[in-house]
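Enquirer: run-v6.tsv is reproduced below (TSV, C-alpha atoms and all ligand atoms).
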```
chain	number	residue	atom	x	y	z
A	1244	MET	CA	-65.33	-6.48	48.98
A	1245	ASN	CA	-62.66	-8.60	47.36
A	1246	TYR	CA	-59.09	-7.32	47.26
A	1247	LYS	CA	-57.47	-10.31	45.58
A	1248	ILE	CA	-56.91	-10.55	41.88
A	1249	ASN	CA	-59.58	-12.36	39.83
A	1250	GLU	CA	-59.15	-14.88	37.00
A	1251	GLN	CA	-58.93	-12.15	34.38
A	1252	GLY	CA	-56.25	-10.34	36.31
A	1253	PHE	CA	-58.39	-7.56	37.75
A	1254	TYR	CA	-58.52	-5.97	41.18
A	1255	GLY	CA	-62.04	-4.54	41.04
A	1256	ASP	CA	-62.03	-2.22	38.03
A	1257	PHE	CA	-58.26	-2.20	37.65
A	1258	GLY	CA	-55.56	-4.35	36.12
A	1259	GLY	CA	-55.88	-6.69	33.16
A	1260	ALA	CA	-53.44	-7.06	30.30
A	1261	PHE	CA	-53.82	-4.33	27.67
A	1262	ILE	CA	-50.97	-5.29	25.41
A	1263	PRO	CA	-50.13	-5.24	21.72
A	1264	GLU	CA	-50.93	-8.50	19.95
A	1265	MET	CA	-47.20	-9.07	19.41
A	1266	LEU	CA	-46.74	-9.47	23.17
A	1267	TYR	CA	-49.65	-11.82	23.67
A	1268	HIS	CA	-47.53	-14.95	23.40
A	1269	ASN	CA	-44.97	-13.81	25.98
A	1270	VAL	CA	-47.46	-12.53	28.52
A	1271	ASN	CA	-49.67	-15.56	28.09
A	1272	GLU	CA	-46.73	-17.93	28.56
A	1273	LEU	CA	-45.97	-16.20	31.84
A	1274	LYS	CA	-49.61	-16.18	32.93
A	1275	GLU	CA	-49.96	-19.90	32.22
A	1276	ASN	CA	-46.85	-20.83	34.18
A	1277	TYR	CA	-46.17	-18.44	37.03
A	1278	LEU	CA	-48.45	-19.80	39.74
A	1279	GLN	CA	-47.61	-23.42	39.19
A	1280	ILE	CA	-43.89	-22.66	39.29
A	1281	ILE	CA	-43.80	-20.30	42.25
A	1282	GLU	CA	-46.09	-22.44	44.37
A	1283	SER	CA	-43.98	-25.57	43.84
A	1284	ASP	CA	-41.98	-26.87	46.81
A	1285	ASP	CA	-38.78	-26.83	44.83
A	1286	PHE	CA	-39.19	-23.14	43.95
A	1287	GLN	CA	-40.20	-22.12	47.47
A	1288	GLU	CA	-37.24	-23.93	48.94
A	1289	GLU	CA	-34.71	-22.17	46.69
A	1290	PHE	CA	-36.46	-18.80	47.08
A	1291	LYS	CA	-36.57	-18.96	50.88
A	1292	ASP	CA	-32.98	-20.19	51.05
A	1293	LEU	CA	-31.69	-17.26	48.96
A	1294	LEU	CA	-33.76	-14.78	50.95
A	1295	LYS	CA	-32.13	-16.09	54.11
A	1296	GLU	CA	-28.55	-16.69	53.05
A	1297	TYR	CA	-28.08	-14.06	50.32
A	1298	VAL	CA	-30.51	-11.24	51.12
A	1299	GLY	CA	-30.20	-11.55	54.91
A	1300	ARG	CA	-33.84	-12.20	55.82
A	1301	PRO	CA	-35.79	-12.12	58.02
A	1302	THR	CA	-35.34	-8.37	58.40
A	1303	PRO	CA	-35.85	-7.14	61.97
A	1304	LEU	CA	-39.08	-5.56	63.17
A	1305	TYR	CA	-37.47	-2.90	65.32
A	1306	PHE	CA	-39.34	-1.11	68.11
A	1307	ALA	CA	-38.34	2.54	67.67
A	1308	LYS	CA	-38.39	3.69	71.27
A	1309	ARG	CA	-37.48	7.35	70.92
A	1310	LEU	CA	-39.66	7.84	67.85
A	1311	SER	CA	-42.54	6.21	69.75
A	1312	GLU	CA	-42.03	8.55	72.71
A	1313	LYS	CA	-42.11	11.57	70.45
A	1314	TYR	CA	-45.52	10.59	69.02
A	1315	ASN	CA	-46.87	8.94	72.19
A	1316	THR	CA	-47.55	5.67	70.37
A	1317	ASN	CA	-45.78	2.40	69.52
A	1318	VAL	CA	-43.84	2.52	66.29
A	1319	PHE	CA	-42.18	-0.53	64.79
A	1320	LEU	CA	-39.89	-0.25	61.77
A	1321	LYS	CA	-39.79	-3.15	59.31
A	1322	ARG	CA	-36.13	-2.95	58.35
A	1323	GLU	CA	-36.12	-3.61	54.59
A	1324	ASP	CA	-33.20	-1.17	54.51
A	1325	LEU	CA	-31.02	-3.96	55.90
A	1326	ASN	CA	-31.51	-6.21	52.87
A	1327	HIS	CA	-28.61	-6.89	50.50
A	1328	THR	CA	-28.50	-3.98	47.99
A	1329	GLY	CA	-30.29	-1.76	50.51
A	1330	ALA	CA	-34.00	-2.05	49.78
A	1331	HIS	CA	-36.98	-4.35	49.34
A	1332	LYS	CA	-36.52	-4.58	45.56
A	1333	ILE	CA	-34.22	-7.59	45.84
A	1334	ASN	CA	-37.10	-9.77	47.18
A	1335	ASN	CA	-38.82	-9.43	43.83
A	1336	THR	CA	-35.77	-9.78	41.57
A	1337	ILE	CA	-34.73	-12.98	43.36
A	1338	GLY	CA	-38.20	-14.41	42.82
A	1339	GLN	CA	-38.39	-13.47	39.15
A	1340	ILE	CA	-34.88	-14.65	38.30
A	1341	LEU	CA	-35.72	-18.09	39.70
A	1342	LEU	CA	-38.88	-18.09	37.60
A	1343	ALA	CA	-36.96	-17.02	34.47
A	1344	LYS	CA	-34.49	-19.86	34.98
A	1345	ARG	CA	-37.28	-22.40	35.29
A	1346	MET	CA	-38.81	-21.05	32.07
A	1347	ASN	CA	-35.43	-21.57	30.36
A	1348	LYS	CA	-34.89	-17.90	29.59
A	1349	LYS	CA	-31.31	-16.89	28.88
A	1350	ARG	CA	-31.53	-13.14	28.58
A	1351	ILE	CA	-33.01	-10.71	31.11
A	1352	ILE	CA	-34.26	-7.23	30.25
A	1353	ALA	CA	-35.55	-4.53	32.58
A	1354	GLU	CA	-36.10	-0.80	32.68
A	1355	THR	CA	-35.13	1.46	35.52
A	1356	GLY	CA	-35.70	5.09	36.44
A	1357	ALA	CA	-33.61	5.82	39.49
A	1358	GLY	CA	-31.46	2.79	38.87
A	1359	GLN	CA	-32.49	0.92	42.04
A	1360	HIS	CA	-34.42	-1.76	40.16
A	1361	GLY	CA	-31.61	-1.89	37.58
A	1362	VAL	CA	-29.09	-2.61	40.32
A	1363	ALA	CA	-31.31	-5.26	41.94
A	1364	THR	CA	-31.78	-6.92	38.53
A	1365	ALA	CA	-28.09	-6.76	37.59
A	1366	THR	CA	-27.30	-8.27	41.00
A	1367	VAL	CA	-29.43	-11.39	40.51
A	1368	CYS	CA	-28.23	-11.77	36.91
A	1369	ALA	CA	-24.64	-11.84	38.16
A	1370	LEU	CA	-25.68	-14.35	40.80
A	1371	MET	CA	-27.32	-16.62	38.21
A	1372	ASN	CA	-24.89	-15.96	35.37
A	1373	LEU	CA	-27.56	-14.60	33.01
A	1374	LYS	CA	-27.18	-11.89	30.39
A	1375	CYS	CA	-28.65	-8.60	31.59
A	1376	ILE	CA	-29.76	-5.57	29.58
A	1377	ILE	CA	-31.08	-2.52	31.41
A	1378	TYR	CA	-32.97	0.23	29.58
A	1379	MET	CA	-32.65	3.64	31.13
A	1380	GLY	CA	-33.59	7.14	29.96
A	1381	GLU	CA	-30.62	9.16	28.76
A	1382	ILE	CA	-31.41	11.88	31.30
A	1383	ASP	CA	-31.69	9.36	34.14
A	1384	ILE	CA	-28.32	7.86	33.16
A	1385	LYS	CA	-26.77	11.27	33.78
A	1386	ARG	CA	-28.74	11.88	37.01
A	1387	GLN	CA	-28.02	8.47	38.52
A	1388	ALA	CA	-24.36	7.93	37.70
A	1389	PRO	CA	-23.46	5.86	40.82
A	1390	ASN	CA	-26.20	3.30	40.08
A	1391	VAL	CA	-25.16	3.13	36.42
A	1392	ALA	CA	-21.61	2.36	37.58
A	1393	ARG	CA	-22.93	-0.38	39.89
A	1394	MET	CA	-24.94	-2.01	37.10
A	1395	LYS	CA	-21.92	-1.99	34.80
A	1396	MET	CA	-19.64	-3.45	37.46
A	1397	LEU	CA	-22.23	-6.18	37.99
A	1398	GLY	CA	-21.94	-7.03	34.29
A	1399	ALA	CA	-25.12	-5.48	32.90
A	1400	GLU	CA	-25.34	-3.60	29.65
A	1401	VAL	CA	-27.04	-0.24	30.18
A	1402	ARG	CA	-28.85	0.95	27.04
A	1403	PRO	CA	-29.95	4.59	26.88
A	1404	ALA	CA	-33.50	5.46	25.83
A	1405	THR	CA	-33.14	8.55	23.70
A	1406	SER	CA	-36.74	9.18	22.63
A	1407	GLY	CA	-39.42	11.40	24.20
A	1408	SER	CA	-38.56	12.87	27.58
A	1409	LYS	CA	-35.62	10.43	27.88
A	1410	THR	CA	-36.84	9.17	31.27
A	1411	LEU	CA	-38.56	6.12	32.75
A	1412	LYS	CA	-41.56	5.83	30.43
A	1413	ASP	CA	-39.28	5.98	27.40
A	1414	ALA	CA	-37.07	3.25	28.88
A	1415	THR	CA	-40.24	1.16	29.38
A	1416	ASN	CA	-41.14	1.60	25.71
A	1417	GLU	CA	-37.65	0.42	24.70
A	1418	ALA	CA	-37.83	-2.62	26.97
A	1419	ILE	CA	-41.22	-3.61	25.54
A	1420	ARG	CA	-39.88	-3.19	22.00
A	1421	ASP	CA	-36.97	-5.50	22.89
A	1422	TRP	CA	-39.34	-8.12	24.33
A	1423	ILE	CA	-41.46	-8.10	21.17
A	1424	ALA	CA	-38.33	-8.58	19.06
A	1425	ASN	CA	-36.97	-11.41	21.27
A	1426	PRO	CA	-39.98	-13.45	22.41
A	1427	GLU	CA	-38.25	-16.82	22.77
A	1428	ASP	CA	-35.20	-16.43	24.98
A	1429	THR	CA	-35.94	-13.17	26.81
A	1430	TYR	CA	-37.53	-12.58	30.22
A	1431	TYR	CA	-38.85	-9.09	31.05
A	1432	LEU	CA	-38.24	-8.45	34.74
A	1433	ILE	CA	-40.61	-5.73	36.03
A	1434	GLY	CA	-39.69	-3.96	39.26
A	1435	SER	CA	-43.00	-3.08	40.89
A	1436	VAL	CA	-46.65	-4.17	41.12
A	1437	VAL	CA	-47.29	-2.65	37.70
A	1438	GLY	CA	-47.48	-3.90	34.11
A	1439	PRO	CA	-49.89	-6.37	32.49
A	1440	HIS	CA	-51.36	-9.30	34.44
A	1441	PRO	CA	-49.75	-11.44	35.90
A	1442	TYR	CA	-46.95	-9.05	36.92
A	1443	PRO	CA	-48.81	-7.10	39.64
A	1444	ASP	CA	-49.95	-10.29	41.34
A	1445	MET	CA	-46.60	-12.02	40.93
A	1446	VAL	CA	-44.58	-9.11	42.33
A	1447	ALA	CA	-47.02	-8.73	45.25
A	1448	ARG	CA	-46.54	-12.42	46.06
A	1449	PHE	CA	-42.75	-12.10	46.08
A	1450	GLN	CA	-42.91	-9.00	48.28
A	1451	SER	CA	-45.49	-10.58	50.60
A	1452	ILE	CA	-42.59	-12.04	52.58
A	1453	ILE	CA	-42.56	-8.64	54.32
A	1454	SER	CA	-45.99	-9.06	55.96
A	1455	GLU	CA	-45.48	-12.80	56.39
A	1456	GLU	CA	-42.52	-12.07	58.66
A	1457	MET	CA	-44.37	-9.22	60.36
A	1458	LYS	CA	-47.07	-11.59	61.59
A	1459	SER	CA	-44.79	-13.77	63.69
A	1460	GLN	CA	-42.62	-10.83	64.73
A	1461	LEU	CA	-45.64	-8.86	65.97
A	1462	MET	CA	-46.96	-11.95	67.74
A	1463	ALA	CA	-43.69	-12.27	69.63
A	1464	LYS	CA	-43.43	-8.57	70.48
A	1465	THR	CA	-47.04	-7.56	71.09
A	1466	GLY	CA	-48.95	-10.80	71.62
A	1467	ARG	CA	-51.07	-10.16	68.52
A	1468	ASP	CA	-50.13	-10.97	64.95
A	1469	TYR	CA	-51.48	-7.75	63.45
A	1470	PRO	CA	-50.84	-4.06	64.04
A	1471	ASP	CA	-53.43	-1.26	64.15
A	1472	LYS	CA	-51.85	0.59	61.26
A	1473	ILE	CA	-49.33	-0.15	58.53
A	1474	ILE	CA	-47.71	2.76	56.75
A	1475	ALA	CA	-45.77	2.42	53.49
A	1476	CYS	CA	-44.72	4.74	50.69
A	1477	VAL	CA	-46.08	4.15	47.20
A	1478	GLY	CA	-44.24	4.67	43.93
A	1479	GLY	CA	-45.50	1.79	41.80
A	1480	GLY	CA	-46.57	0.18	45.05
A	1481	SER	CA	-44.49	-2.97	45.60
A	1482	ASN	CA	-43.16	-2.38	49.11
A	1483	ALA	CA	-46.63	-1.29	50.20
A	1484	ALA	CA	-48.22	-4.34	48.54
A	1485	GLY	CA	-45.79	-6.61	50.38
A	1486	ALA	CA	-46.36	-4.89	53.72
A	1487	PHE	CA	-50.18	-4.95	53.30
A	1488	TYR	CA	-50.51	-8.38	51.67
A	1489	HIS	CA	-51.39	-10.65	54.59
A	1490	TYR	CA	-53.59	-8.00	56.20
A	1491	ILE	CA	-55.67	-6.93	53.23
A	1492	ASP	CA	-58.73	-8.88	54.37
A	1493	ASN	CA	-58.30	-7.94	58.03
A	1494	GLU	CA	-60.33	-4.74	58.31
A	1495	LYS	CA	-59.00	-4.13	61.82
A	1496	VAL	CA	-55.72	-3.11	60.21
A	1497	GLU	CA	-55.66	0.35	58.69
A	1498	LEU	CA	-53.56	0.38	55.52
A	1499	ILE	CA	-51.95	3.77	54.97
A	1500	ALA	CA	-50.30	4.47	51.62
A	1501	VAL	CA	-48.15	7.58	51.32
A	1502	GLU	CA	-47.58	9.13	47.93
A	1503	ALA	CA	-45.07	11.80	46.99
A	1504	ASP	CA	-46.75	15.21	46.84
A	1505	GLY	CA	-43.53	16.71	45.47
A	1506	LEU	CA	-43.82	20.50	45.69
A	1507	GLY	CA	-47.55	20.07	46.44
A	1508	ILE	CA	-50.55	18.60	44.62
A	1509	GLU	CA	-51.75	22.09	43.69
A	1510	THR	CA	-48.59	22.51	41.58
A	1511	ASP	CA	-47.71	20.48	38.50
A	1512	LYS	CA	-44.61	19.20	40.32
A	1513	THR	CA	-46.09	16.17	42.04
A	1514	ALA	CA	-46.20	12.37	41.86
A	1515	ALA	CA	-49.39	11.90	43.93
A	1516	THR	CA	-51.16	9.75	41.37
A	1517	THR	CA	-54.35	8.96	43.28
A	1518	GLN	CA	-54.86	12.67	44.01
A	1519	VAL	CA	-54.24	14.16	40.58
A	1520	GLY	CA	-54.51	11.11	38.32
A	1521	THR	CA	-57.40	9.66	36.34
A	1522	GLU	CA	-58.26	6.22	35.03
A	1523	GLY	CA	-56.39	5.06	31.98
A	1524	ILE	CA	-53.91	2.52	30.68
A	1525	ILE	CA	-50.22	2.62	31.45
A	1526	HIS	CA	-47.64	-0.14	31.03
A	1527	GLY	CA	-50.33	-2.61	29.90
A	1528	SER	CA	-52.58	-2.18	32.91
A	1529	LYS	CA	-55.79	-0.25	33.60
A	1530	THR	CA	-55.15	1.92	36.61
A	1531	LEU	CA	-54.84	5.49	37.85
A	1532	LEU	CA	-52.23	7.60	36.13
A	1533	MET	CA	-51.15	11.16	35.58
A	1534	GLN	CA	-52.17	12.25	32.10
A	1535	ASN	CA	-53.16	15.37	30.21
A	1536	SER	CA	-56.54	15.94	28.55
A	1537	GLU	CA	-55.28	14.14	25.44
A	1538	GLY	CA	-54.33	11.03	27.39
A	1539	GLN	CA	-50.59	11.66	27.19
A	1540	ILE	CA	-48.68	10.69	30.32
A	1541	THR	CA	-47.37	13.73	32.18
A	1542	GLU	CA	-43.97	13.98	33.82
A	1543	PRO	CA	-44.14	13.42	37.61
A	1544	HIS	CA	-41.95	15.12	40.19
A	1545	SER	CA	-40.62	13.94	43.53
A	1546	ILE	CA	-37.39	14.58	45.38
A	1547	SER	CA	-37.14	10.81	45.67
A	1548	ALA	CA	-36.35	9.10	42.41
A	1549	GLY	CA	-38.11	5.88	43.43
A	1550	LEU	CA	-41.49	7.60	43.86
A	1551	ASP	CA	-41.16	9.61	40.68
A	1552	TYR	CA	-43.59	7.42	38.71
A	1553	PRO	CA	-46.73	8.65	36.88
A	1554	GLY	CA	-48.94	5.71	37.87
A	1555	VAL	CA	-49.77	3.30	40.70
A	1556	GLY	CA	-50.28	-0.43	40.43
A	1557	PRO	CA	-53.86	-1.69	39.94
A	1558	LEU	CA	-54.06	-3.10	43.48
A	1559	HIS	CA	-53.50	0.38	44.88
A	1560	ALA	CA	-55.96	1.97	42.48
A	1561	HIS	CA	-58.49	-0.54	43.84
A	1562	LEU	CA	-57.54	0.05	47.51
A	1563	PHE	CA	-57.97	3.77	46.84
A	1564	LYS	CA	-61.27	3.61	44.98
A	1565	SER	CA	-62.83	1.07	47.36
A	1566	GLY	CA	-61.72	3.04	50.41
A	1567	ARG	CA	-59.88	0.03	51.91
A	1568	GLY	CA	-56.65	2.01	51.83
A	1569	THR	CA	-56.07	5.46	53.32
A	1570	PHE	CA	-54.07	7.51	50.82
A	1571	ILE	CA	-52.13	10.51	52.02
A	1572	GLY	CA	-49.22	12.48	50.66
A	1573	ALA	CA	-45.96	13.96	51.91
A	1574	THR	CA	-44.12	16.79	50.19
A	1575	ASP	CA	-40.42	16.83	49.39
A	1576	LYS	CA	-39.88	19.05	52.40
A	1577	GLU	CA	-41.91	16.92	54.80
A	1578	ALA	CA	-40.01	13.82	53.71
A	1579	LEU	CA	-36.66	15.54	54.32
A	1580	THR	CA	-37.75	16.67	57.80
A	1581	ALA	CA	-38.83	13.11	58.64
A	1582	ALA	CA	-35.50	11.74	57.40
A	1583	TYR	CA	-33.45	14.09	59.58
A	1584	GLN	CA	-35.71	13.29	62.54
A	1585	LEU	CA	-35.34	9.50	62.23
A	1586	THR	CA	-31.59	9.87	61.88
A	1587	LYS	CA	-31.32	11.97	65.06
A	1588	LEU	CA	-33.76	9.90	67.14
A	1589	GLU	CA	-32.86	6.38	66.09
A	1590	GLY	CA	-29.50	6.52	64.31
A	1591	ILE	CA	-31.02	5.22	61.07
A	1592	ILE	CA	-30.62	7.13	57.79
A	1593	PRO	CA	-33.64	6.15	55.67
A	1594	ALA	CA	-34.07	6.24	51.89
A	1595	LEU	CA	-35.89	9.35	50.71
A	1596	GLU	CA	-38.76	7.13	49.54
A	1597	SER	CA	-39.19	5.60	53.00
A	1598	SER	CA	-39.00	9.09	54.53
A	1599	HIS	CA	-42.39	9.80	52.94
A	1600	ALA	CA	-43.87	6.96	54.99
A	1601	LEU	CA	-42.19	8.32	58.13
A	1602	ALA	CA	-43.65	11.77	57.45
A	1603	ALA	CA	-47.13	10.28	57.86
A	1604	LEU	CA	-46.64	10.24	61.66
A	1605	ASP	CA	-47.22	14.01	61.60
A	1606	LYS	CA	-50.46	13.61	59.65
A	1607	ILE	CA	-52.35	10.76	61.26
A	1608	GLU	CA	-54.00	10.40	64.64
A	1609	CYS	CA	-52.44	7.86	66.93
A	1610	ASN	CA	-52.51	6.99	70.62
A	1611	SER	CA	-50.46	5.25	73.27
A	1612	THR	CA	-52.20	1.88	72.99
A	1613	GLU	CA	-51.77	1.51	69.23
A	1614	ASN	CA	-49.14	-0.46	67.38
A	1615	ILE	CA	-48.00	1.07	64.11
A	1616	VAL	CA	-45.68	-0.59	61.61
A	1617	ILE	CA	-43.79	1.62	59.18
A	1618	ASN	CA	-42.20	-0.20	56.28
A	1619	LEU	CA	-38.68	1.20	56.02
A	1620	SER	CA	-38.29	0.27	52.36
A	1621	GLY	CA	-34.65	1.25	51.92
A	1622	ARG	CA	-31.53	2.86	53.31
A	1623	GLY	CA	-30.34	6.39	52.67
A	1624	ASP	CA	-26.80	5.86	51.33
A	1625	LYS	CA	-27.95	6.61	47.79
A	1626	ASP	CA	-29.55	9.88	48.93
A	1627	MET	CA	-26.62	11.36	50.86
A	1628	GLU	CA	-25.93	14.02	48.26
A	1629	THR	CA	-29.51	15.32	48.52
A	1630	TYR	CA	-29.55	15.12	52.32
A	1631	ILE	CA	-26.34	17.12	52.62
A	1632	ARG	CA	-27.33	19.67	49.99
A	1633	MET	CA	-30.74	20.29	51.58
A	1634	MET	CA	-29.38	20.52	55.12
A	1635	GLN	CA	-27.80	23.96	54.51
B	1	LIG	C1	-38.12	1.76	44.32
B	1	LIG	C2	-38.30	2.13	45.72
B	1	LIG	C3	-39.55	2.50	46.25
B	1	LIG	C4	-40.79	2.63	45.39
B	1	LIG	O1	-41.21	1.49	44.75
B	1	LIG	P1	-42.49	0.66	45.22
B	1	LIG	O2	-42.70	-0.31	44.12
B	1	LIG	O3	-43.61	1.64	45.37
B	1	LIG	O4	-42.14	0.03	46.50
B	1	LIG	C5	-39.66	2.75	47.60
B	1	LIG	N1	-38.57	2.70	48.41
B	1	LIG	C6	-37.36	2.39	47.95
B	1	LIG	C7	-36.22	2.36	48.90
B	1	LIG	C8	-37.17	2.10	46.60
B	1	LIG	O5	-35.95	1.77	46.14
```
So, in terms of structure tokens, how does the structure I just supplied come out?
Ligand SMILES: *Cc1c(COP(=O)(O)O)cnc(C)c1O
Expert:
Amino acid sequence: MNYKINEQGFYGDFGGAFIPEMLYHNVNELKENYLQIIESDDFQEEFKDLLKEYVGRPTPLYFAKRLSEKYNTNVFLKREDLNHTGAHKINNTIGQILLAKRMNKKRIIAETGAGQHGVATATVCALMNLKCIIYMGEIDIKRQAPNVARMKMLGAEVRPATSGSKTLKDATNEAIRDWIANPEDTYYLIGSVVGPHPYPDMVARFQSIISEEMKSQLMAKTGRDYPDKIIACVGGGSNAAGAFYHYIDNEKVELIAVEADGLGIETDKTAATTQVGTEGIIHGSKTLLMQNSEGQITEPHSISAGLDYPGVGPLHAHLFKSGRGTFIGATDKEALTAAYQLTKLEGIIPALESSHALAALDKIECNSTENIVINLSGRGDKDMETYIRMMQ
């Protein structure tokens, strides 16, 4: 089985570029240029330098002693929470902003749901002195006020999407409309392994730094450059793609993707796309998504804003369908329990998204000889209000 993208931009049955004709020029320009640019020495040098000096990489691979004792196994945490801006998203925005510059783009657009990708995009635009416009659903603007304030302080213009449900998918529609209207000078910066080809492959490459570092860190700590299991949460799937990337063809490594069950997959308040979704097209890509019988995208639910997405990237749809990935879910409640537990045992407050990955420890079988890496995608500062409210 092949898990890499093919020439047409497909992972097995999933992916491709299902886009309106008006976008063909933009997407094609990107497709024709991205590999040559990002594989060049000059690009790699600047990318690696910024990851080191600005983002703070490499992130530690921390052996969580007390957590390991509790589960009678060996748990390592890949500390993406220690990155500048508090999550893995900055790896991707740094990569894409360098690409945009080399393609002579002057204006950056993006959409954001929870605001995390908006903040990461506004951050690199400030760094590179580029104009930044962030589309965000009107409802999300109200729900995510601190991130909106951050984006504005960083110099971005936040434009509300006022159509439909006034959430992420409506912001995506607005961003695409903007790109169609401004094909020459505008770069569309997508935040996960979603969207038309080449975005899923490009974002996976930028996030693959996570598993690249893991290899040498595991070698030093365990004498072997691969773990038995890697666990990561999946919203669109970028932190998981990065954590899995260099191990995808190594069948000795079990790849465990954790989706947000929300209130439970038997309810309609869930974001567990592989469990309740069906094949269709979302955001220009053929993949699994949550839709009603008429093909309209349904509103997902998760306590964690970053997992509250009605699709998964095409790589994950392929890992799911082919059986290469093990897909499990954690409910809102299970994620909260895992967050409080990590905080008490290790003194680390995780992001609510990452807490879903941590909750997997209660659901999988493990033993004392195994090495398990959990990708700690982000830190919990942004979730303090929820943590305190739910603690009562
Ligand atoms: C955005 C986000 C996620 C989900 O996005 P992926 O593309 O699935 O990684 C997970 N964790 C954190 C901390 C996030 O900010």
Enquirer: Residues within 7 Å of ligand LIG 1 (chain B), counting all atoms listed in the file: report them as a list in words.
Expert: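 With all atoms listed in the file and a cut-off of 7 Å, ligand LIG 1 (chain B) is contacted by Ala1330, His1331, Lys1332, Gln1359, His1360, Gly1434, Ser1435, Val1436, Cys1476, Val1477, Gly1478, Gly1479, Gly1480, Ser1481, Asn1482, Ala1483, Gly1549, Leu1550, Ala1594, Glu1596, Ser1597, Ser1620, Gly1621 and Arg1622 of chain A.
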Enquirer: Considering only C-alpha atoms, state which residue in the set A:Val1391, A:Met1633, A:Leu1579, A:Ile1248 is at the smallest distance from Ile1592 in chain A.
Expert: A:Leu1579
Enquirer: Just to confirm, what's the straight-line distance from CA of Thr1366 in chain A to CA of Thr1336 in chain A in Å (one decimal)?
Expert: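 CA of Thr1336 in chain A lies at a distance of 8.6 Å from CA of Thr1366 in chain A.
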Enquirer: Lys1529 in chain A: which residues within 10 Å, counting only C-alpha atoms, same-chain residues fewer than 6 positions away excluded, as a VMD selection string?
Expert: chain A and resid 1253 to 1254 1256 to 1261 1437 to 1439 1522 to 1523 1555 to 1557 1560
Enquirer: Would you write out those residues with C-alpha atoms, as a tab-separated table (two decimals), keeping the file's coordinate frame?
Expert:
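Generated file (selection-v4.tsv):
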```
chain	number	residue	atom	x	y	z
A	1253	PHE	CA	-58.39	-7.56	37.75
A	1254	TYR	CA	-58.52	-5.97	41.18
A	1256	ASP	CA	-62.03	-2.22	38.03
A	1257	PHE	CA	-58.26	-2.20	37.65
A	1258	GLY	CA	-55.56	-4.35	36.12
A	1259	GLY	CA	-55.88	-6.69	33.16
A	1260	ALA	CA	-53.44	-7.06	30.30
A	1261	PHE	CA	-53.82	-4.33	27.67
A	1437	VAL	CA	-47.29	-2.65	37.70
A	1438	GLY	CA	-47.48	-3.90	34.11
A	1439	PRO	CA	-49.89	-6.37	32.49
A	1522	GLU	CA	-58.26	6.22	35.03
A	1523	GLY	CA	-56.39	5.06	31.98
A	1555	VAL	CA	-49.77	3.30	40.70
A	1556	GLY	CA	-50.28	-0.43	40.43
A	1557	PRO	CA	-53.86	-1.69	39.94
A	1560	ALA	CA	-55.96	1.97	42.48
```
Enquirer: Could you give me, as JSON lines, every range 1244-1310 of chain A residue with an atom at most 12 Å from range 1615-1618 of chain A, plus its closest atom pair and distance in Å to one decimal, counting all atoms listed in the file, rows ordered by chain then number?
Expert:
```
{"residue": "A:Thr1302", "atom": "CA", "partner": "A:Asn1618", "partner_atom": "CA", "distance": 10.9}
{"residue": "A:Pro1303", "atom": "CA", "partner": "A:Asn1618", "partner_atom": "CA", "distance": 11.0}
{"residue": "A:Leu1304", "atom": "CA", "partner": "A:Val1616", "partner_atom": "CA", "distance": 8.4}
{"residue": "A:Tyr1305", "atom": "CA", "partner": "A:Val1616", "partner_atom": "CA", "distance": 9.3}
{"residue": "A:Phe1306", "atom": "CA", "partner": "A:Val1616", "partner_atom": "CA", "distance": 9.1}
{"residue": "A:Ala1307", "atom": "CA", "partner": "A:Val1616", "partner_atom": "CA", "distance": 10.0}
{"residue": "A:Leu1310", "atom": "CA", "partner": "A:Ile1615", "partner_atom": "CA", "distance": 11.4}
```
Enquirer: Residues near Glu1400 in chain A, anyone? I mean within 7 Å using all atoms listed in the file, not counting same-chain ones fewer than 5 positions away, as a compact mmCIF listing (two decimals) with C-alpha atoms, in the frame of the given file.
Expert:
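Result file is part.txt:
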```
# COMPACT_ATOMS: atom_id res chain seq x y z
CA CYS A 1375 -28.65 -8.60 31.59
CA ILE A 1376 -29.76 -5.57 29.58
CA ILE A 1377 -31.08 -2.52 31.41
CA LYS A 1395 -21.92 -1.99 34.80
```
Enquirer: Counting all atoms listed in the file, select every polymer residue within 12 Å of (-22.2, 6.5, 36.2) as defined in the file's coordinates, and provide the selection as a tab-separated table (two decimals) with C-alpha atoms, keeping the file's coordinate frame.
Expert:
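What ended up in part18.tsv:
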```tsv
chain	number	residue	atom	x	y	z
A	1357	ALA	CA	-33.61	5.82	39.49
A	1358	GLY	CA	-31.46	2.79	38.87
A	1379	MET	CA	-32.65	3.64	31.13
A	1381	GLU	CA	-30.62	9.16	28.76
A	1382	ILE	CA	-31.41	11.88	31.30
A	1383	ASP	CA	-31.69	9.36	34.14
A	1384	ILE	CA	-28.32	7.86	33.16
A	1385	LYS	CA	-26.77	11.27	33.78
A	1386	ARG	CA	-28.74	11.88	37.01
A	1387	GLN	CA	-28.02	8.47	38.52
A	1388	ALA	CA	-24.36	7.93	37.70
A	1389	PRO	CA	-23.46	5.86	40.82
A	1390	ASN	CA	-26.20	3.30	40.08
A	1391	VAL	CA	-25.16	3.13	36.42
A	1392	ALA	CA	-21.61	2.36	37.58
A	1393	ARG	CA	-22.93	-0.38	39.89
A	1394	MET	CA	-24.94	-2.01	37.10
A	1395	LYS	CA	-21.92	-1.99	34.80
A	1396	MET	CA	-19.64	-3.45	37.46
A	1401	VAL	CA	-27.04	-0.24	30.18
```
Enquirer: Which residue, A:Asp1284, A:Ser1408, A:Leu1498, A:Leu1506, has the smallest gap to Gly1566 in chain A when you use all atoms listed in the file?
Expert: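 Residue with the minimum atom-to-atom distance to Gly1566 in chain A: A:Leu1498.
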